[in-house]
file protein.txt (compact mmCIF, C-alpha atoms)
# COMPACT_ATOMS: atom_id res chain seq x y z
CA MET A 1 -52.26 -7.76 -3.66
CA PRO A 2 -50.23 -10.78 -4.83
CA LYS A 3 -48.56 -10.50 -8.20
CA ILE A 4 -47.36 -13.15 -10.59
CA VAL A 5 -43.80 -12.03 -11.35
CA ASP A 6 -40.38 -13.61 -11.62
CA HIS A 7 -38.89 -12.24 -8.42
CA GLY A 8 -35.39 -13.54 -9.15
CA ALA A 9 -35.24 -11.73 -12.49
CA ARG A 10 -36.75 -8.57 -11.03
CA ARG A 11 -34.16 -8.54 -8.25
CA GLU A 12 -31.38 -8.88 -10.82
CA GLU A 13 -32.89 -5.98 -12.75
CA LEU A 14 -33.07 -3.93 -9.54
CA ALA A 15 -29.51 -4.82 -8.55
CA ALA A 16 -28.30 -3.62 -11.94
CA ALA A 17 -30.17 -0.30 -11.58
CA VAL A 18 -28.96 0.24 -8.01
CA TRP A 19 -25.42 -0.55 -9.06
CA ARG A 20 -25.51 1.84 -12.06
CA LEU A 21 -26.83 4.64 -9.87
CA ALA A 22 -24.53 4.03 -6.88
CA SER A 23 -21.39 3.63 -8.98
CA ARG A 24 -22.19 6.68 -11.09
CA GLU A 25 -23.37 9.10 -8.41
CA GLY A 26 -22.47 7.64 -5.03
CA LEU A 27 -24.63 6.44 -2.14
CA ASP A 28 -25.95 9.96 -1.52
CA ALA A 29 -27.91 9.63 -4.74
CA LEU A 30 -29.51 6.36 -3.69
CA THR A 31 -33.16 7.16 -2.96
CA ILE A 32 -36.28 5.11 -3.65
CA ARG A 33 -37.32 7.74 -6.17
CA ALA A 34 -33.97 7.79 -8.02
CA VAL A 35 -33.73 3.98 -8.15
CA ALA A 36 -37.29 3.79 -9.49
CA ALA A 37 -36.42 6.28 -12.23
CA GLU A 38 -33.19 4.41 -13.08
CA ALA A 39 -34.99 1.06 -13.28
CA GLY A 40 -38.03 2.49 -15.06
CA TRP A 41 -40.33 1.32 -12.25
CA SER A 42 -42.92 3.15 -10.18
CA THR A 43 -41.90 4.10 -6.63
CA GLY A 44 -44.85 1.98 -5.50
CA ALA A 45 -43.40 -1.11 -7.19
CA LEU A 46 -40.06 -0.44 -5.47
CA ALA A 47 -41.76 -0.35 -2.08
CA HIS A 48 -42.32 -4.11 -2.44
CA TYR A 49 -38.56 -4.54 -2.23
CA PHE A 50 -37.34 -1.76 0.04
CA ALA A 51 -39.04 -0.52 3.19
CA ASP A 52 -36.57 2.32 3.73
CA LYS A 53 -33.27 3.91 2.75
CA GLU A 54 -31.27 1.51 4.94
CA GLU A 55 -32.57 -1.48 3.00
CA LEU A 56 -31.56 0.23 -0.21
CA LEU A 57 -28.04 0.85 1.13
CA LEU A 58 -27.79 -2.76 2.32
CA PHE A 59 -28.84 -3.94 -1.11
CA ALA A 60 -26.15 -1.78 -2.77
CA PHE A 61 -23.51 -3.14 -0.40
CA GLU A 62 -24.57 -6.73 -0.99
CA THR A 63 -24.48 -6.09 -4.73
CA VAL A 64 -20.83 -5.05 -4.47
CA ALA A 65 -19.99 -8.02 -2.21
CA ASP A 66 -21.70 -10.32 -4.75
CA ARG A 67 -19.79 -8.86 -7.67
CA VAL A 68 -16.43 -9.32 -5.95
CA GLY A 69 -17.40 -12.74 -4.55
CA ARG A 70 -18.46 -14.04 -7.97
CA ARG A 71 -15.19 -12.96 -9.57
CA ILE A 72 -13.24 -14.76 -6.86
CA VAL A 73 -15.31 -17.93 -7.25
CA ARG A 74 -14.89 -17.79 -11.02
CA ALA A 75 -11.15 -17.31 -10.71
CA ALA A 76 -10.90 -20.08 -8.10
CA GLU A 77 -12.21 -22.63 -10.59
CA HIS A 78 -8.96 -22.39 -12.50
CA ARG A 79 -6.63 -22.20 -9.53
CA ARG A 80 -5.47 -25.31 -7.71
CA ASP A 81 -2.43 -23.69 -6.06
CA PRO A 82 -3.56 -22.17 -2.72
CA LEU A 83 -1.03 -19.31 -2.97
CA ASP A 84 -2.43 -18.47 -6.38
CA LEU A 85 -5.99 -18.51 -5.02
CA LEU A 86 -4.91 -16.42 -2.02
CA ARG A 87 -3.51 -13.81 -4.40
CA THR A 88 -6.83 -13.67 -6.25
CA GLN A 89 -8.79 -13.34 -2.99
CA LEU A 90 -6.71 -10.24 -2.23
CA ILE A 91 -6.14 -8.60 -5.63
CA GLU A 92 -9.88 -8.67 -6.42
CA GLY A 93 -10.41 -6.20 -3.56
CA LEU A 94 -8.05 -3.59 -5.02
CA PRO A 95 -9.31 -0.60 -7.07
CA ILE A 96 -7.10 -1.43 -10.05
CA ASP A 97 -9.53 -0.47 -12.84
CA ALA A 98 -12.61 1.73 -13.31
CA GLU A 99 -15.07 -1.04 -12.39
CA ARG A 100 -13.24 -1.98 -9.20
CA ARG A 101 -12.70 1.68 -8.29
CA ALA A 102 -16.47 2.15 -8.39
CA GLU A 103 -16.96 -0.93 -6.20
CA VAL A 104 -14.42 0.28 -3.66
CA ARG A 105 -16.03 3.73 -3.54
CA VAL A 106 -19.47 2.24 -2.81
CA TRP A 107 -17.92 -0.15 -0.26
CA PHE A 108 -16.24 2.56 1.83
CA ALA A 109 -19.13 5.01 1.50
CA PHE A 110 -21.36 2.26 2.91
CA LEU A 111 -18.97 1.53 5.78
CA GLY A 112 -18.82 5.23 6.66
CA LEU A 113 -22.61 5.34 6.92
CA ALA A 114 -22.76 1.94 8.67
CA GLU A 115 -20.79 2.96 11.76
CA THR A 116 -23.75 4.64 13.40
CA ARG A 117 -26.46 2.29 12.02
CA PRO A 118 -26.55 -1.10 13.78
CA ARG A 119 -28.22 -3.01 10.95
CA LEU A 120 -25.70 -1.77 8.40
CA ALA A 121 -22.83 -2.30 10.84
CA LYS A 122 -23.80 -5.96 11.15
CA ALA A 123 -23.61 -6.32 7.35
CA GLY A 124 -20.14 -4.77 7.43
CA ARG A 125 -19.02 -7.09 10.22
CA ASP A 126 -20.39 -10.15 8.41
CA ALA A 127 -18.71 -9.18 5.15
CA TYR A 128 -15.31 -8.84 6.81
CA ARG A 129 -15.74 -12.08 8.76
CA GLN A 130 -16.51 -13.90 5.54
CA TRP A 131 -13.55 -12.41 3.68
CA ARG A 132 -11.19 -13.08 6.62
CA ASP A 133 -12.44 -16.67 6.95
CA ARG A 134 -11.99 -17.36 3.25
CA VAL A 135 -8.46 -16.00 3.24
CA ALA A 136 -7.62 -17.88 6.46
CA LYS A 137 -8.96 -21.12 4.95
CA THR A 138 -6.77 -20.69 1.87
CA LEU A 139 -3.78 -19.89 4.08
CA SER A 140 -4.41 -23.10 6.08
CA ALA A 141 -4.51 -25.07 2.83
CA ALA A 142 -1.18 -23.50 1.85
CA GLN A 143 0.23 -24.46 5.25
CA ARG A 144 -0.92 -28.08 4.85
CA GLN A 145 0.93 -28.18 1.53
CA GLY A 146 4.06 -26.79 3.18
CA LEU A 147 3.94 -23.56 1.16
CA VAL A 148 3.60 -21.26 4.18
CA ASP A 149 5.17 -21.48 7.66
CA ASP A 150 3.05 -23.84 9.75
CA SER A 151 3.53 -21.80 12.92
CA LEU A 152 1.65 -18.76 11.59
CA ASP A 153 -1.87 -18.21 12.89
CA ALA A 154 -4.05 -18.29 9.76
CA GLN A 155 -6.82 -16.09 11.23
CA SER A 156 -4.38 -13.36 12.32
CA GLU A 157 -2.46 -13.48 9.04
CA GLY A 158 -5.78 -13.38 7.18
CA ALA A 159 -6.77 -10.25 9.09
CA ALA A 160 -3.42 -8.61 8.30
CA LEU A 161 -3.60 -9.50 4.59
CA ILE A 162 -7.08 -8.12 4.01
CA ALA A 163 -6.13 -5.10 6.14
CA LEU A 164 -3.29 -4.38 3.71
CA VAL A 165 -5.66 -4.64 0.74
CA ASP A 166 -8.29 -2.43 2.38
CA GLY A 167 -5.76 0.19 3.42
CA LEU A 168 -4.21 0.31 -0.05
CA ALA A 169 -7.72 0.61 -1.49
CA ILE A 170 -8.40 3.69 0.66
CA GLN A 171 -5.13 5.39 -0.24
CA ALA A 172 -5.63 4.59 -3.93
CA THR A 173 -9.18 5.95 -3.82
CA PHE A 174 -7.90 9.34 -2.69
CA ASP A 175 -4.60 9.33 -4.53
CA GLN A 176 -4.55 7.31 -7.72
CA ARG A 177 -1.26 8.85 -8.74
CA ALA A 178 0.56 7.73 -5.57
CA LEU A 179 -1.07 4.27 -5.54
CA GLY A 180 -1.54 3.24 -9.15
CA ARG A 181 -2.53 -0.24 -10.24
CA GLU A 182 1.03 -1.48 -10.55
CA ARG A 183 2.14 -0.29 -7.12
CA GLN A 184 -0.94 -1.72 -5.40
CA VAL A 185 -0.42 -5.15 -6.94
CA ARG A 186 3.31 -5.12 -6.27
CA LEU A 187 2.81 -4.32 -2.58
CA VAL A 188 0.43 -7.27 -2.19
CA ASP A 189 2.79 -9.54 -4.13
CA ASP A 190 5.73 -8.43 -1.96
CA ARG A 191 3.74 -9.33 1.14
CA LEU A 192 2.83 -12.75 -0.26
CA ALA A 193 6.43 -13.39 -1.29
CA ARG A 194 7.56 -12.68 2.27
CA LEU A 195 4.98 -15.14 3.62
CA ALA A 196 6.49 -17.77 1.34
CA VAL A 197 10.03 -16.69 2.24
CA ALA A 198 9.19 -17.12 5.92
CA SER A 199 8.37 -20.75 5.22
CA ALA A 200 11.80 -21.31 3.71
CA SER A 201 13.70 -19.95 6.73
CA MET B 5 -18.99 44.43 11.89
CA PRO B 6 -15.53 43.71 13.27
CA LYS B 7 -15.33 42.10 16.71
CA ILE B 8 -12.60 42.09 19.30
CA VAL B 9 -12.30 38.42 20.19
CA ASP B 10 -9.51 35.92 20.73
CA HIS B 11 -9.98 33.86 17.56
CA GLY B 12 -7.47 31.22 18.57
CA ALA B 13 -9.28 30.50 21.83
CA ARG B 14 -12.66 30.54 20.12
CA ARG B 15 -11.47 28.03 17.52
CA GLU B 16 -10.23 25.75 20.29
CA GLU B 17 -13.62 26.02 21.97
CA LEU B 18 -15.35 25.24 18.68
CA ALA B 19 -13.05 22.32 17.96
CA ALA B 20 -13.89 20.86 21.37
CA ALA B 21 -17.65 21.21 20.75
CA VAL B 22 -17.42 19.74 17.24
CA TRP B 23 -15.33 16.87 18.56
CA ARG B 24 -17.76 16.10 21.42
CA LEU B 25 -20.71 16.08 19.05
CA ALA B 26 -19.04 14.11 16.23
CA SER B 27 -17.54 11.48 18.54
CA ARG B 28 -20.78 11.05 20.47
CA GLU B 29 -23.30 11.04 17.62
CA GLY B 30 -21.37 10.68 14.37
CA LEU B 31 -20.98 13.02 11.41
CA ASP B 32 -24.68 12.76 10.56
CA ALA B 33 -25.38 14.84 13.67
CA LEU B 34 -22.96 17.57 12.64
CA THR B 35 -25.10 20.56 11.63
CA ILE B 36 -24.52 24.27 12.21
CA ARG B 37 -27.51 24.27 14.55
CA ALA B 38 -26.33 21.27 16.61
CA VAL B 39 -22.77 22.59 16.91
CA ALA B 40 -24.10 25.98 18.03
CA ALA B 41 -26.20 24.27 20.72
CA GLU B 42 -23.26 22.12 21.85
CA ALA B 43 -20.92 25.14 22.06
CA GLY B 44 -23.55 27.41 23.60
CA TRP B 45 -23.24 29.87 20.68
CA SER B 46 -25.81 31.39 18.38
CA THR B 47 -26.05 29.95 14.87
CA GLY B 48 -25.21 33.45 13.63
CA ALA B 49 -21.92 33.43 15.54
CA LEU B 50 -21.08 30.04 14.03
CA ALA B 51 -21.62 31.42 10.53
CA HIS B 52 -18.43 33.48 11.00
CA TYR B 53 -16.52 30.19 11.06
CA PHE B 54 -18.45 27.86 8.75
CA ALA B 55 -20.07 28.79 5.46
CA ASP B 56 -21.63 25.36 4.96
CA LYS B 57 -21.83 21.74 6.09
CA GLU B 58 -18.70 20.79 4.13
CA GLU B 59 -16.61 23.28 6.10
CA LEU B 60 -17.97 21.78 9.30
CA LEU B 61 -17.03 18.26 8.15
CA LEU B 62 -13.56 19.46 7.14
CA PHE B 63 -13.12 21.04 10.55
CA ALA B 64 -14.12 17.78 12.29
CA PHE B 65 -11.66 15.81 10.13
CA GLU B 66 -8.85 18.27 10.81
CA THR B 67 -9.62 18.09 14.51
CA VAL B 68 -9.09 14.31 14.44
CA ALA B 69 -5.91 14.66 12.37
CA ASP B 70 -4.65 17.27 14.88
CA ARG B 71 -5.41 15.04 17.88
CA VAL B 72 -3.51 12.11 16.39
CA GLY B 73 -0.71 14.33 15.07
CA ARG B 74 -0.16 15.97 18.47
CA ARG B 75 0.07 12.61 20.24
CA ILE B 76 2.67 11.44 17.74
CA VAL B 77 4.71 14.64 18.12
CA ARG B 78 4.51 14.36 21.91
CA ALA B 79 5.58 10.73 21.82
CA ALA B 80 8.38 11.50 19.38
CA GLU B 81 10.02 13.85 21.87
CA HIS B 82 10.96 10.86 23.98
CA ARG B 83 11.93 8.53 21.17
CA ARG B 84 15.35 8.66 19.54
CA ASP B 85 15.22 5.17 18.03
CA PRO B 86 13.59 5.44 14.56
CA LEU B 87 11.98 1.99 14.85
CA ASP B 88 10.42 3.05 18.12
CA LEU B 89 9.13 6.28 16.53
CA LEU B 90 7.85 4.31 13.53
CA ARG B 91 5.89 2.07 15.87
CA THR B 92 4.29 5.13 17.50
CA GLN B 93 3.41 6.64 14.10
CA LEU B 94 1.48 3.46 13.34
CA ILE B 95 0.00 2.40 16.69
CA GLU B 96 -1.50 5.87 17.24
CA GLY B 97 -3.80 5.23 14.26
CA LEU B 98 -5.32 2.08 15.76
CA PRO B 99 -8.68 2.12 17.60
CA ILE B 100 -7.22 0.56 20.76
CA ASP B 101 -9.26 2.49 23.33
CA ALA B 102 -12.54 4.43 23.51
CA GLU B 103 -10.95 7.76 22.56
CA ARG B 104 -9.14 6.34 19.55
CA ARG B 105 -12.20 4.32 18.51
CA ALA B 106 -14.17 7.57 18.33
CA GLU B 107 -11.39 9.18 16.25
CA VAL B 108 -11.32 6.26 13.82
CA ARG B 109 -15.11 6.32 13.45
CA VAL B 110 -15.10 10.03 12.58
CA TRP B 111 -12.13 9.50 10.23
CA PHE B 112 -13.80 6.77 8.15
CA ALA B 113 -17.22 8.43 8.18
CA PHE B 114 -15.51 11.52 6.76
CA LEU B 115 -13.69 9.52 4.07
CA GLY B 116 -16.96 7.83 3.05
CA LEU B 117 -18.56 11.24 2.54
CA ALA B 118 -15.42 12.68 0.93
CA GLU B 119 -15.36 10.33 -2.06
CA THR B 120 -17.98 12.29 -3.95
CA ARG B 121 -17.03 15.78 -2.65
CA PRO B 122 -13.85 17.16 -4.28
CA ARG B 123 -12.95 19.59 -1.48
CA LEU B 124 -13.23 16.88 1.17
CA ALA B 125 -11.44 14.37 -1.06
CA LYS B 126 -8.47 16.73 -1.28
CA ALA B 127 -8.31 16.87 2.54
CA GLY B 128 -8.32 13.06 2.63
CA ARG B 129 -5.56 12.87 0.02
CA ASP B 130 -3.45 15.45 1.84
CA ALA B 131 -3.87 13.66 5.17
CA TYR B 132 -2.68 10.35 3.71
CA ARG B 133 0.22 11.99 1.88
CA GLN B 134 1.36 13.57 5.12
CA TRP B 135 1.07 10.32 7.10
CA ARG B 136 2.82 8.35 4.35
CA ASP B 137 5.61 10.91 4.09
CA ARG B 138 6.20 10.94 7.84
CA VAL B 139 6.38 7.16 8.02
CA ALA B 140 8.65 7.02 4.95
CA LYS B 141 10.94 9.62 6.50
CA THR B 142 11.24 7.59 9.70
CA LEU B 143 11.87 4.44 7.66
CA SER B 144 14.66 6.23 5.77
CA ALA B 145 16.22 7.26 9.08
CA ALA B 146 16.06 3.61 10.21
CA GLN B 147 17.73 2.59 6.95
CA ARG B 148 20.52 5.13 7.43
CA GLN B 149 21.16 3.63 10.88
CA GLY B 150 21.27 0.13 9.39
CA LEU B 151 18.14 -0.99 11.23
CA VAL B 152 16.11 -1.74 8.10
CA ASP B 153 17.18 -3.22 4.76
CA ASP B 154 18.62 -0.42 2.63
CA SER B 155 17.15 -1.83 -0.58
CA LEU B 156 13.52 -1.31 0.50
CA ASP B 157 11.69 1.63 -1.06
CA ALA B 158 10.67 3.79 1.91
CA GLN B 159 7.65 5.35 0.17
CA SER B 160 6.22 1.97 -0.86
CA GLU B 161 6.88 0.42 2.54
CA GLY B 162 5.33 3.47 4.17
CA ALA B 163 2.19 3.03 2.06
CA ALA B 164 2.00 -0.67 3.00
CA LEU B 165 2.50 0.02 6.72
CA ILE B 166 -0.21 2.66 7.01
CA ALA B 167 -2.44 0.48 4.82
CA LEU B 168 -2.10 -2.30 7.39
CA VAL B 169 -3.02 0.09 10.22
CA ASP B 170 -5.99 1.52 8.32
CA GLY B 171 -7.29 -1.89 7.33
CA LEU B 172 -7.00 -3.21 10.88
CA ALA B 173 -8.79 -0.08 12.08
CA ILE B 174 -11.73 -0.79 9.78
CA GLN B 175 -12.02 -4.44 10.80
CA ALA B 176 -11.74 -3.50 14.48
CA THR B 177 -14.41 -0.82 14.09
CA PHE B 178 -16.91 -3.41 12.92
CA ASP B 179 -15.69 -6.36 14.96
CA GLN B 180 -14.02 -5.43 18.23
CA ARG B 181 -14.16 -9.02 19.39
CA ALA B 182 -12.21 -10.36 16.40
CA LEU B 183 -9.71 -7.47 16.40
CA GLY B 184 -9.20 -6.46 20.01
CA ARG B 185 -6.49 -4.09 21.20
CA GLU B 186 -3.93 -6.82 21.77
CA ARG B 187 -4.34 -8.46 18.39
CA GLN B 188 -4.17 -5.14 16.52
CA VAL B 189 -0.92 -4.16 18.24
CA ARG B 190 0.59 -7.61 17.82
CA LEU B 191 -0.10 -7.63 14.07
CA VAL B 192 1.65 -4.27 13.66
CA ASP B 193 4.56 -5.41 15.84
CA ASP B 194 4.86 -8.65 13.82
CA ARG B 195 5.08 -6.61 10.66
CA LEU B 196 7.75 -4.30 12.12
CA ALA B 197 9.71 -7.30 13.42
CA ARG B 198 9.77 -8.76 9.91
CA LEU B 199 11.05 -5.46 8.52
CA ALA B 200 13.91 -5.63 11.01
CA VAL B 201 14.46 -9.32 10.30
CA ALA B 202 14.75 -8.54 6.62
CA SER B 203 17.69 -6.26 7.41
CA ALA B 204 19.46 -9.10 9.25
CA SER B 205 19.20 -11.55 6.32
call {"tool": "encode", "arguments": {"input": "protein.txt", "output": "structure tokens"}}
result
Amino acid sequence: MPKIVDHGARREELAAAVWRLASREGLDALTIRAVAAEAGWSTGALAHYFADKEELLLFAFETVADRVGRRIVRAAEHRRDPLDLLRTQLIEGLPIDAERRAEVRVWFAFLGLAETRPRLAKAGRDAYRQWRDRVAKTLSAAQRQGLVDDSLDAQSEGAALIALVDGLAIQATFDQRALGRERQVRLVDDRLARLAVASAS
Amino acid sequence: MPKIVDHGARREELAAAVWRLASREGLDALTIRAVAAEAGWSTGALAHYFADKEELLLFAFETVADRVGRRIVRAAEHRRDPLDLLRTQLIEGLPIDAERRAEVRVWFAFLGLAETRPRLAKAGRDAYRQWRDRVAKTLSAAQRQGLVDDSLDAQSEGAALIALVDGLAIQATFDQRALGRERQVRLVDDRLARLAVASAS
């Protein structure tokens, strides 16, 4: 039964409902029924968008990736200096406020579930490849401008930089007192400063 | 109804069964019924050890922490050089072989579930505090021996080092090809070399 609806707008509406539910109650709470209630839709209407729970989880994960990605793109518009852009590409992944803490919680809950589910695992792999590639590309740009040691392998350094961010995000998620906003940011800045220092040696 | 049994031996037996099941099929598969079948016990006998699913998950997480902790202690017996010990305290957390890959999978699956469950979250927080403290203690010993720059804050550096290991572990879990054994170890060694280099400057 074809319907005349604005699918783009409806997806946005759905994404907002899924995000509210997932950030408020965690991925455990993400069921077709609960999302329908949150969005004010019928479960039948939701079935046009999600065949099963895995598709719902994927959608939640992509919503988080989109949110972070959009902030980075927006920030990049004002940043010409590659080291400045690099910093944004890293800091935006840290749980330094309530909104980002919710994103990080959904992110890691998804990854925990994804390990044993091939379709979700692929989404995780793709997300990390994209993040690593973006960071590596910015690092290469910084190398071309002589801001970072030319001999460093951008892909490996990219992996290490996002690893630092991810690992800090996990520790901060479980121990906000030990890894507050300031300490998280300082540890990433220290790391970036040493990259720049290495270029001067 | 009191029983005359060797509780230590029975716990070891249980830990082995829980570990086999969790590493083979993931935390989703961890139910009282499945663990009983794996151990060859009745579900009633298992009820003496686990009141609910959360206790089972906690036990699986502690089993992983124990496995890693024991390897580090064993390795430490042969290592007098603090930088060498530090390297072991980090490398042992990387998914560099099948056994360690299974440990890392159970670890992150647990953390994903723990975010919304206070009792499990506390276990996650405690595990990271312990790891961070051990690494910081070894770093301090290296500083006292003049091997690492005295001005570095051992707690912060410890947080950054285990963050790197954790983040590499996540990327490697989803993308073994991009983050193979050799690359993981090299990235940690690079980081340790720079710590030592910093002390020479």
call {"tool": "closest_residue", "arguments": {"input": "protein.txt", "among": "B:Gly48, B:Pro122, B:Gly171, B:Gly73", "to": "chain A", "atoms": "all atoms listed in the file"}}
result
B:Gly171
call {"tool": "closest_atom_pairs", "arguments": {"input": "protein.txt", "of": "chain B", "to": "chain A", "cutoff": "6 Å", "atoms": "only C-alpha atoms", "output": "CSV"}}
result
residue,atom,partner,partner_atom,distance
B:Phe112,CA,A:Gly112,CA,5.5
B:Ala113,CA,A:Gly112,CA,3.9
B:Gly116,CA,A:Ala109,CA,3.9
B:Arg129,CA,A:Phe174,CA,5.0
B:Ala167,CA,A:Gly167,CA,3.6
B:Leu168,CA,A:Leu164,CA,4.4
B:Asp170,CA,A:Gly167,CA,5.1
B:Gly171,CA,A:Ala163,CA,3.6
B:Leu172,CA,A:Ala163,CA,5.2
B:Phe178,CA,A:Arg125,CA,5.0
B:Asp179,CA,A:Arg125,CA,5.8
call {"tool": "closest_residue", "arguments": {"input": "protein.txt", "among": "B:Ser155, B:Thr142, B:Ser46, B:Gln147", "to": "Ala80 of chain B", "atoms": "only C-alpha atoms"}}
result
B:Thr142
call {"tool": "closest_residue", "arguments": {"input": "protein.txt", "among": "B:Arg91, B:Leu60, B:Phe65, B:Trp23", "to": "Ala146 of chain B", "atoms": "only C-alpha atoms"}}
result
B:Arg91
call {"tool": "atom_distance", "arguments": {"input": "protein.txt", "atom1": "atom CA of Ala65 of chain A", "atom2": "atom CA of Leu94 of chain B"}}
result
28.9 Å
call {"tool": "atom_distance", "arguments": {"input": "protein.txt", "atom1": "atom CA of Leu87 of chain B", "atom2": "atom CA of Leu151 of chain B"}}
result
7.7 Å
call {"tool": "atom_distance", "arguments": {"input": "protein.txt", "atom1": "atom CA of Glu13 of chain A", "atom2": "atom CA of Ala102 of chain A"}}
result
18.8 Å
call {"tool": "residues_around", "arguments": {"input": "protein.txt", "residues": "Glu96 of chain B", "least_positions_apart": "2", "cutoff": "9 Å", "atoms": "only C-alpha atoms", "output": "ChimeraX atom specification"}}
result
/B:72-73,75-76,91-94,98-100,104
call {"tool": "closest_residue", "arguments": {"input": "protein.txt", "among": "A:Val18, A:Leu120, A:Ile32, A:Ala154", "to": "Asp133 of chain A", "atoms": "all atoms listed in the file"}}
result
A:Ala154
call {"tool": "residues_near_point", "arguments": {"input": "protein.txt", "point": "(-17.7, 21.8, 22.1)", "cutoff": "9 Å", "atoms": "all atoms listed in the file", "output": "ChimeraX atom specification"}}
result
/B:16-25,39-44
call {"tool": "axis_aligned_box", "arguments": {"input": "protein.txt", "around": "segment 47-51 of chain A", "padding_each_side": "8 Å", "output": "JSON"}}
result
{"center_x": -39.8, "center_y": -2.4, "center_z": 0.4, "size_x": 21.0, "size_y": 20.2, "size_z": 21.6}
call {"tool": "decode", "arguments": {"input": "protein.txt", "residues": "segment 5-57 of chain B", "atoms": "C-alpha atoms", "output": "compact mmCIF listing (two decimals), in the first residue's frame"}}
result
# COMPACT_ATOMS: atom_id res chain seq x y z
CA MET B 5 20.72 -27.29 53.83
CA PRO B 6 24.47 -27.00 54.38
CA LYS B 7 26.72 -28.99 52.05
CA ILE B 8 30.24 -30.27 52.48
CA VAL B 9 31.93 -29.15 49.28
CA ASP B 10 35.20 -27.53 48.30
CA HIS B 11 33.87 -24.09 47.36
CA GLY B 12 37.18 -22.88 45.98
CA ALA B 13 37.43 -25.78 43.54
CA ARG B 14 33.78 -25.45 42.56
CA ARG B 15 34.22 -21.74 41.83
CA GLU B 16 37.21 -22.54 39.63
CA GLU B 17 35.11 -25.11 37.79
CA LEU B 18 32.32 -22.57 37.37
CA ALA B 19 34.69 -19.87 36.21
CA ALA B 20 36.03 -22.24 33.54
CA ALA B 21 32.50 -23.07 32.32
CA VAL B 22 31.42 -19.41 32.29
CA TRP B 23 34.59 -18.48 30.44
CA ARG B 24 34.15 -21.21 27.80
CA LEU B 25 30.55 -20.18 27.17
CA ALA B 26 31.15 -16.40 27.17
CA SER B 27 34.23 -16.57 24.94
CA ARG B 28 32.56 -18.97 22.51
CA GLU B 29 29.10 -17.41 22.24
CA GLY B 30 29.26 -13.97 23.83
CA LEU B 31 27.53 -12.52 26.88
CA ASP B 32 24.11 -12.86 25.24
CA ALA B 33 24.44 -16.62 25.69
CA LEU B 34 25.20 -16.33 29.39
CA THR B 35 22.11 -17.60 31.22
CA ILE B 36 21.84 -19.66 34.40
CA ARG B 37 20.47 -22.52 32.31
CA ALA B 38 23.27 -22.41 29.71
CA VAL B 39 26.02 -22.17 32.33
CA ALA B 40 24.50 -25.13 34.21
CA ALA B 41 24.51 -27.18 30.99
CA GLU B 42 28.10 -26.16 30.18
CA ALA B 43 29.31 -27.04 33.69
CA GLY B 44 27.23 -30.21 33.91
CA TRP B 45 25.41 -28.90 37.02
CA SER B 46 21.75 -28.52 37.83
CA THR B 47 20.27 -25.03 37.61
CA GLY B 48 19.41 -25.42 41.30
CA ALA B 49 23.07 -25.95 42.19
CA LEU B 50 23.99 -22.84 40.21
CA ALA B 51 21.48 -20.79 42.21
CA HIS B 52 23.80 -21.16 45.23
CA TYR B 53 26.32 -19.04 43.34
CA PHE B 54 24.26 -16.63 41.24
CA ALA B 55 21.08 -14.88 42.30
CA ASP B 56 20.49 -13.33 38.88
CA LYS B 57 21.86 -12.58 35.42
